[in-house]
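*Asks:* Let me give you the structure first, and then I'll get to my questions.
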Amino acid sequence: MADPTPFQRAAAALADGAPDAALEWLDRAAPSAPATLLRARALAETGDAAGAAALAEPLLDGAAPALWAEAAPLLALAGRAGGLPRKAKDALPAAAAQVVADLATGRGSAARGGLSPKDRARLAKAAPSDVEAALAGRPGGVPALLLGRARAARGDRRGAAEALAAGVKAEPFALDLRLAFAEALRAAGHPHALREARMAVAVAPLSVAARLLRGDLALAAGRSEEALAQADRAVRLAPREARARRLAVRAALALGDPAALNHARAVGDGGAAEARALIRLGRDEAAAALLAGATDPGARVTAAQAMRTAGAEADAEARLRAVLEDEPGHAPAWHALAQGGHATAADVAAMEALPPSPPRDFALARALERTDPARAFAHLAAAKAAQAAAHPYDPAADRTAFERIVDRWAAVDVASGSAFDPILVTGLPRSGTTLVEAILSAHPGVRAGGELAVLGPALQPVETALDHGVLPEGALDAAAARYARRVEALRPGAGRVTDKSIHSFASIGAILKVLPRARIVVVHRDPRDVGLSMWRNAFPDGTHRYAATQAGIAHHAKLFRDAVDHWRGALPEGAFHELSYEELLADPEGVSRALLDACGLDWDPAVLRFHEAAGRVQTLSFDQVRRPLYATSKGGWRRHAAHLTEMLDEMARLGVAGAD
């Protein structure tokens, strides 16, 4: 196959949500009307609607109907499509002119071809089997739309997508077909669902439904910036649309953007969205105060957990007890109570009377882990099986993602000029990263960031551009500025900031290109102890999917080891600092001195009293870091080896088990 042309590369970049990369390739493309329209679309994606319209409008004279149809939404976005329907009527066939007139509203056109209005109305009410019998193999946009909906209704996701794909090919500017096709792809788990949603926005940039679907899909794909851009536009189009506000809240929170608060206040859900935003922004006590009068049990549990995060454990327990007094069957409240180590024998009996569910089983596992380990592990197995069924884990996909990180950054031989100097703490979950961050943040020159979760979104635009073979000028500096801005918004104040960025071990080389003054600390711990702790703990649904199976834990431990080995060999000596959890327990001062030195910090004995200074802790380690160092969990896997055979066998096979 011949190498793609610059135009083809630009089109692919734009389809993947990388308008800057598309513009880079278009600079190398031969001039043509399609290339100009593609440039206009790329400009519209960057927010330059006026520039897009200025490029598109001159193309209309003597242009084919398809070019009119592509230009119309761009003119509508800039508010310059008012006279377009009349011009189209004079220049185009009637059917094409009507489509252009529809597109000139910015809200898209509708599928038209293939059925009479009477047949369409009849089949819209028919049973799915009757629609299938009447329309299978029939061409046209309307038959494809009805057939796709009928197949989706009876659970045939692939068949629905196939029918709608044919419809989109027949009528590429029909918004209803585009939206239905994107939804069908999403239901089928197809990776191109987001691409299709982007096309829906391209044909109908003023459609709230198109913006919301694209935003939802972008957020699910980890493309938080794209999601927030779509949410902001949807809010401007429909300020009172609750779905637009909720999407804006979710996207802004994923980015650590304080704008989430403004959107959350407009949601109108009794303060629940605002409370979640306050917690994400580190204002736990304000969240709890906001929900002080809440009656919804979920909101009350959220308030209790906010107080726990802030260190007010007694207050958290009291709130949870109050919820359970009113709602004794509320499994998430039982789970939160057990997580704090406060479940009594009577509590265990009450929980056992509840219907099985992951929150109930995780709660019982925590409550029974010391008194009846066998029953505890039985409940863990049930809870984990449910999570694994709902959110499967593919270790091969994880490894491929890491290899893509290595490949895309290998050709980058420059670094940003950023002076921002965070301390990133990384390692496997439950390996001691929270403890190391607590030691660092006990230093007077450091403030704790916790799991900020803004590194990935800050890097994502650069990574997408690199995937398309370009590095736009200033992209690294822009990524560094995005990261610094979001960190400061989440954790304002003086001093160095820590970022407990668990999975950043896969991106160490990339981080040092974007943040050359960052210090990176990698925490190692016996993977068998890490695996035991992962198995015992409940992670939010859909996150840390590997932790839902013992084999998945073993594979992820292997990936961690391989990633660190790679970066150790690929980067100059001392590019990042490694420490052992077990060595920290054995020699707290020696290991802490080396840690501070590696981070460019002077020695301060306060770091050995980290438990006295521990404030906000939003991870599963909230209890551990509020106590002095203890070694009782070291080698704990041995006591439970009989319940961990799958994990231990797989670790041994993969060569990642620690030394006995």
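By convention here, the chains of the structure tokens are called A, B, ... in the order presented, each chain's residues are numbered starting at 1, and ligands are numbered starting at 1 in the order presented.
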Can you pull out every residue within 7 Å of range 184-200 of chain A, counting only C-alpha atoms, but drop anything in the same chain fewer than 4 positions away, and send it as a PyMOL selection string?

*Replies:* chain A and resi 15-16+157-158+160-161+175+178-180+204+210+213-214+217-218

*Asks:* Pull N, CA, C and O atoms from the residues just selected and write them as a compact mmCIF listing (two decimals), in the first residue's frame.

*Replies:*
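File written: part_2.txt
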```txt
# COMPACT_ATOMS: atom_id res chain seq x y z
N ALA A 15 -10.04 13.35 12.04
CA ALA A 15 -10.99 12.32 12.49
C ALA A 15 -10.66 11.85 13.90
O ALA A 15 -11.56 11.46 14.65
N ASP A 16 -9.39 11.91 14.28
CA ASP A 16 -8.97 11.50 15.62
C ASP A 16 -8.93 12.66 16.61
O ASP A 16 -8.39 12.52 17.70
N ARG A 157 -26.41 -5.73 18.00
CA ARG A 157 -25.61 -4.50 17.94
C ARG A 157 -24.80 -4.41 16.65
O ARG A 157 -24.73 -3.36 16.00
N ARG A 158 -24.19 -5.53 16.27
CA ARG A 158 -23.38 -5.51 15.06
C ARG A 158 -24.26 -5.27 13.84
O ARG A 158 -23.91 -4.48 12.95
N ALA A 160 -27.09 -3.73 13.71
CA ALA A 160 -27.54 -2.34 13.73
C ALA A 160 -26.48 -1.43 13.14
O ALA A 160 -26.77 -0.56 12.31
N ALA A 161 -25.22 -1.64 13.57
CA ALA A 161 -24.14 -0.81 13.07
C ALA A 161 -23.95 -0.98 11.56
O ALA A 161 -23.71 -0.01 10.84
N LEU A 175 -28.11 13.98 10.00
CA LEU A 175 -27.69 13.94 11.39
C LEU A 175 -28.30 12.76 12.13
O LEU A 175 -27.63 12.12 12.95
N ARG A 178 -26.23 9.79 11.48
CA ARG A 178 -24.91 9.91 12.12
C ARG A 178 -25.00 9.61 13.62
O ARG A 178 -24.18 8.87 14.17
N LEU A 179 -25.99 10.19 14.27
CA LEU A 179 -26.14 9.97 15.71
C LEU A 179 -26.47 8.51 16.01
O LEU A 179 -25.90 7.92 16.93
N ALA A 180 -27.37 7.95 15.22
CA ALA A 180 -27.74 6.55 15.45
C ALA A 180 -26.55 5.63 15.20
O ALA A 180 -26.34 4.64 15.93
N ALA A 204 -23.54 19.10 11.95
CA ALA A 204 -24.54 19.85 12.73
C ALA A 204 -23.87 20.48 13.95
O ALA A 204 -24.11 20.07 15.09
N ALA A 210 -25.72 16.29 19.23
CA ALA A 210 -24.43 15.88 18.66
C ALA A 210 -23.29 16.24 19.60
O ALA A 210 -22.36 15.44 19.82
N LEU A 213 -23.33 13.81 22.68
CA LEU A 213 -22.85 12.47 22.37
C LEU A 213 -21.34 12.48 22.19
O LEU A 213 -20.63 11.61 22.73
N ARG A 214 -20.83 13.44 21.46
CA ARG A 214 -19.38 13.51 21.27
C ARG A 214 -18.67 13.73 22.61
O ARG A 214 -17.64 13.11 22.89
N LEU A 217 -18.62 10.45 24.65
CA LEU A 217 -17.68 9.48 24.11
C LEU A 217 -16.24 9.92 24.32
O LEU A 217 -15.35 9.11 24.60
N ALA A 218 -15.99 11.22 24.19
CA ALA A 218 -14.63 11.73 24.42
C ALA A 218 -14.21 11.52 25.87
O ALA A 218 -13.08 11.11 26.15
```

*Asks:* Would you mind listing what lies within 6 Å of Gly449 in chain A as a compact mmCIF listing (two decimals) with C-alpha atoms, in the first residue's frame, with only C-alpha atoms counted and same-chain residues fewer than 2 positions away left out?

*Replies:*
```txt
# COMPACT_ATOMS: atom_id res chain seq x y z
CA VAL A 497 3.67 20.01 44.94
CA THR A 498 3.46 16.24 44.88
CA ASP A 499 1.36 14.35 42.36
```

*Asks:* Which residues come within 8 Å of range 544-561 of chain A, counting only C-alpha atoms, excluding same-chain residues fewer than 6 positions away, as a PyMOL selection string?

*Replies:* chain A and resi 384-385+387-388+391-395+399+427-428+505-506+527+531+534-535+644+646-648+650-651+654-656

*Asks:* Atoms to include: N, CA, C and O atoms. Write the selected residues as an mmCIF file, in the first residue's frame.

*Replies:*
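File produced: part01.cif:
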```cif
data_model
loop_
_atom_site.group_PDB
_atom_site.id
_atom_site.type_symbol
_atom_site.label_atom_id
_atom_site.label_comp_id
_atom_site.auth_asym_id
_atom_site.auth_seq_id
_atom_site.Cartn_x
_atom_site.Cartn_y
_atom_site.Cartn_z
ATOM 1 N N LYS A 384 -15.334 -9.458 43.335
ATOM 2 C CA LYS A 384 -14.397 -9.291 42.223
ATOM 3 C C LYS A 384 -14.945 -9.920 40.943
ATOM 4 O O LYS A 384 -14.750 -9.385 39.847
ATOM 5 N N ALA A 385 -15.614 -11.060 41.077
ATOM 6 C CA ALA A 385 -16.188 -11.710 39.889
ATOM 7 C C ALA A 385 -17.215 -10.798 39.229
ATOM 8 O O ALA A 385 -17.287 -10.711 37.993
ATOM 9 N N GLN A 387 -17.266 -7.513 39.361
ATOM 10 C CA GLN A 387 -16.544 -6.415 38.721
ATOM 11 C C GLN A 387 -15.894 -6.865 37.415
ATOM 12 O O GLN A 387 -15.920 -6.155 36.414
ATOM 13 N N ALA A 388 -15.298 -8.057 37.435
ATOM 14 C CA ALA A 388 -14.626 -8.559 36.234
ATOM 15 C C ALA A 388 -15.620 -8.773 35.096
ATOM 16 O O ALA A 388 -15.302 -8.525 33.925
ATOM 17 N N HIS A 391 -16.585 -5.206 33.866
ATOM 18 C CA HIS A 391 -15.486 -4.419 33.310
ATOM 19 C C HIS A 391 -14.292 -5.325 33.034
ATOM 20 O O HIS A 391 -13.336 -5.365 33.804
ATOM 21 N N PRO A 392 -14.331 -6.078 31.933
ATOM 22 C CA PRO A 392 -13.249 -7.030 31.649
ATOM 23 C C PRO A 392 -11.902 -6.337 31.464
ATOM 24 O O PRO A 392 -11.830 -5.162 31.071
ATOM 25 N N TYR A 393 -10.849 -7.092 31.739
ATOM 26 C CA TYR A 393 -9.482 -6.573 31.605
ATOM 27 C C TYR A 393 -8.747 -7.342 30.522
ATOM 28 O O TYR A 393 -8.813 -8.572 30.473
ATOM 29 N N ASP A 394 -8.035 -6.601 29.663
ATOM 30 C CA ASP A 394 -7.256 -7.213 28.590
ATOM 31 C C ASP A 394 -5.791 -6.844 28.782
ATOM 32 O O ASP A 394 -5.379 -5.719 28.447
ATOM 33 N N PRO A 395 -4.962 -7.744 29.327
ATOM 34 C CA PRO A 395 -3.554 -7.407 29.552
ATOM 35 C C PRO A 395 -2.811 -7.086 28.269
ATOM 36 O O PRO A 395 -1.897 -6.256 28.269
ATOM 37 N N ARG A 399 -0.488 -3.712 27.498
ATOM 38 C CA ARG A 399 0.901 -3.752 27.022
ATOM 39 C C ARG A 399 1.036 -2.997 25.706
ATOM 40 O O ARG A 399 2.012 -2.270 25.493
ATOM 41 N N GLY A 427 3.976 4.119 41.082
ATOM 42 C CA GLY A 427 4.182 2.723 41.442
ATOM 43 C C GLY A 427 2.868 1.997 41.299
ATOM 44 O O GLY A 427 1.850 2.587 40.921
ATOM 45 N N LEU A 428 2.866 0.722 41.591
ATOM 46 C CA LEU A 428 1.608 -0.010 41.583
ATOM 47 C C LEU A 428 0.698 0.486 42.705
ATOM 48 O O LEU A 428 1.196 0.919 43.763
ATOM 49 N N PHE A 505 4.187 5.633 35.720
ATOM 50 C CA PHE A 505 5.391 4.837 35.475
ATOM 51 C C PHE A 505 5.505 4.454 34.004
ATOM 52 O O PHE A 505 6.604 4.231 33.491
ATOM 53 N N ALA A 506 4.381 4.378 33.301
ATOM 54 C CA ALA A 506 4.419 4.019 31.884
ATOM 55 C C ALA A 506 4.903 5.169 31.016
ATOM 56 O O ALA A 506 5.316 4.946 29.868
ATOM 57 N N PRO A 527 5.628 -7.697 44.965
ATOM 58 C CA PRO A 527 4.362 -7.723 44.224
ATOM 59 C C PRO A 527 3.324 -8.653 44.838
ATOM 60 O O PRO A 527 2.125 -8.479 44.603
ATOM 61 N N GLY A 531 -0.232 -7.448 45.523
ATOM 62 C CA GLY A 531 -1.365 -8.177 44.977
ATOM 63 C C GLY A 531 -2.406 -8.517 46.017
ATOM 64 O O GLY A 531 -3.613 -8.417 45.766
ATOM 65 N N MET A 534 -4.305 -5.315 46.712
ATOM 66 C CA MET A 534 -5.221 -5.011 45.608
ATOM 67 C C MET A 534 -6.449 -5.912 45.657
ATOM 68 O O MET A 534 -7.576 -5.470 45.416
ATOM 69 N N TRP A 535 -6.214 -7.188 45.926
ATOM 70 C CA TRP A 535 -7.322 -8.136 45.940
ATOM 71 C C TRP A 535 -8.308 -7.818 47.054
ATOM 72 O O TRP A 535 -9.517 -8.012 46.914
ATOM 73 N N LEU A 644 -4.724 -17.187 47.324
ATOM 74 C CA LEU A 644 -4.097 -16.383 46.273
ATOM 75 C C LEU A 644 -3.363 -17.239 45.255
ATOM 76 O O LEU A 644 -2.457 -16.772 44.568
ATOM 77 N N GLU A 646 -4.022 -18.528 42.339
ATOM 78 C CA GLU A 646 -4.023 -18.117 40.930
ATOM 79 C C GLU A 646 -3.028 -16.984 40.702
ATOM 80 O O GLU A 646 -2.237 -17.003 39.750
ATOM 81 N N MET A 647 -3.042 -16.001 41.580
ATOM 82 C CA MET A 647 -2.134 -14.869 41.442
ATOM 83 C C MET A 647 -0.679 -15.296 41.623
ATOM 84 O O MET A 647 0.202 -14.926 40.835
ATOM 85 N N LEU A 648 -0.416 -16.099 42.639
ATOM 86 C CA LEU A 648 0.959 -16.517 42.916
ATOM 87 C C LEU A 648 1.500 -17.385 41.791
ATOM 88 O O LEU A 648 2.667 -17.241 41.385
ATOM 89 N N GLU A 650 0.568 -17.319 38.651
ATOM 90 C CA GLU A 650 0.776 -16.496 37.458
ATOM 91 C C GLU A 650 1.989 -15.586 37.626
ATOM 92 O O GLU A 650 2.754 -15.375 36.681
ATOM 93 N N MET A 651 2.192 -15.051 38.829
ATOM 94 C CA MET A 651 3.393 -14.246 39.075
ATOM 95 C C MET A 651 4.656 -15.076 38.893
ATOM 96 O O MET A 651 5.646 -14.608 38.311
ATOM 97 N N LEU A 654 5.256 -15.596 35.225
ATOM 98 C CA LEU A 654 5.704 -14.375 34.554
ATOM 99 C C LEU A 654 7.054 -13.874 35.068
ATOM 100 O O LEU A 654 7.632 -12.940 34.501
ATOM 101 N N GLY A 655 7.523 -14.478 36.165
ATOM 102 C CA GLY A 655 8.823 -14.083 36.699
ATOM 103 C C GLY A 655 8.824 -12.798 37.485
ATOM 104 O O GLY A 655 9.841 -12.107 37.547
ATOM 105 N N VAL A 656 7.699 -12.466 38.121
ATOM 106 C CA VAL A 656 7.648 -11.221 38.886
ATOM 107 C C VAL A 656 7.483 -11.447 40.381
ATOM 108 O O VAL A 656 7.418 -10.487 41.142
#
```

*Asks:* Given only C-alpha atoms as the basis, pick out the residue of A:Glu612, A:Asp421, A:Asp48, A:Asp232 nearest to Ala252 in chain A.

*Replies:*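 Result for the nearest residue to Ala252 in chain A: A:Asp232.
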
*Asks:* Find, counting only C-alpha atoms, the residue in A:Ala202, A:Met351, A:Ala606, A:Leu38 that gets nearest to Ser441 in chain A.

*Replies:*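 Distance minimum relative to Ser441 in chain A lands on A:Ala606.
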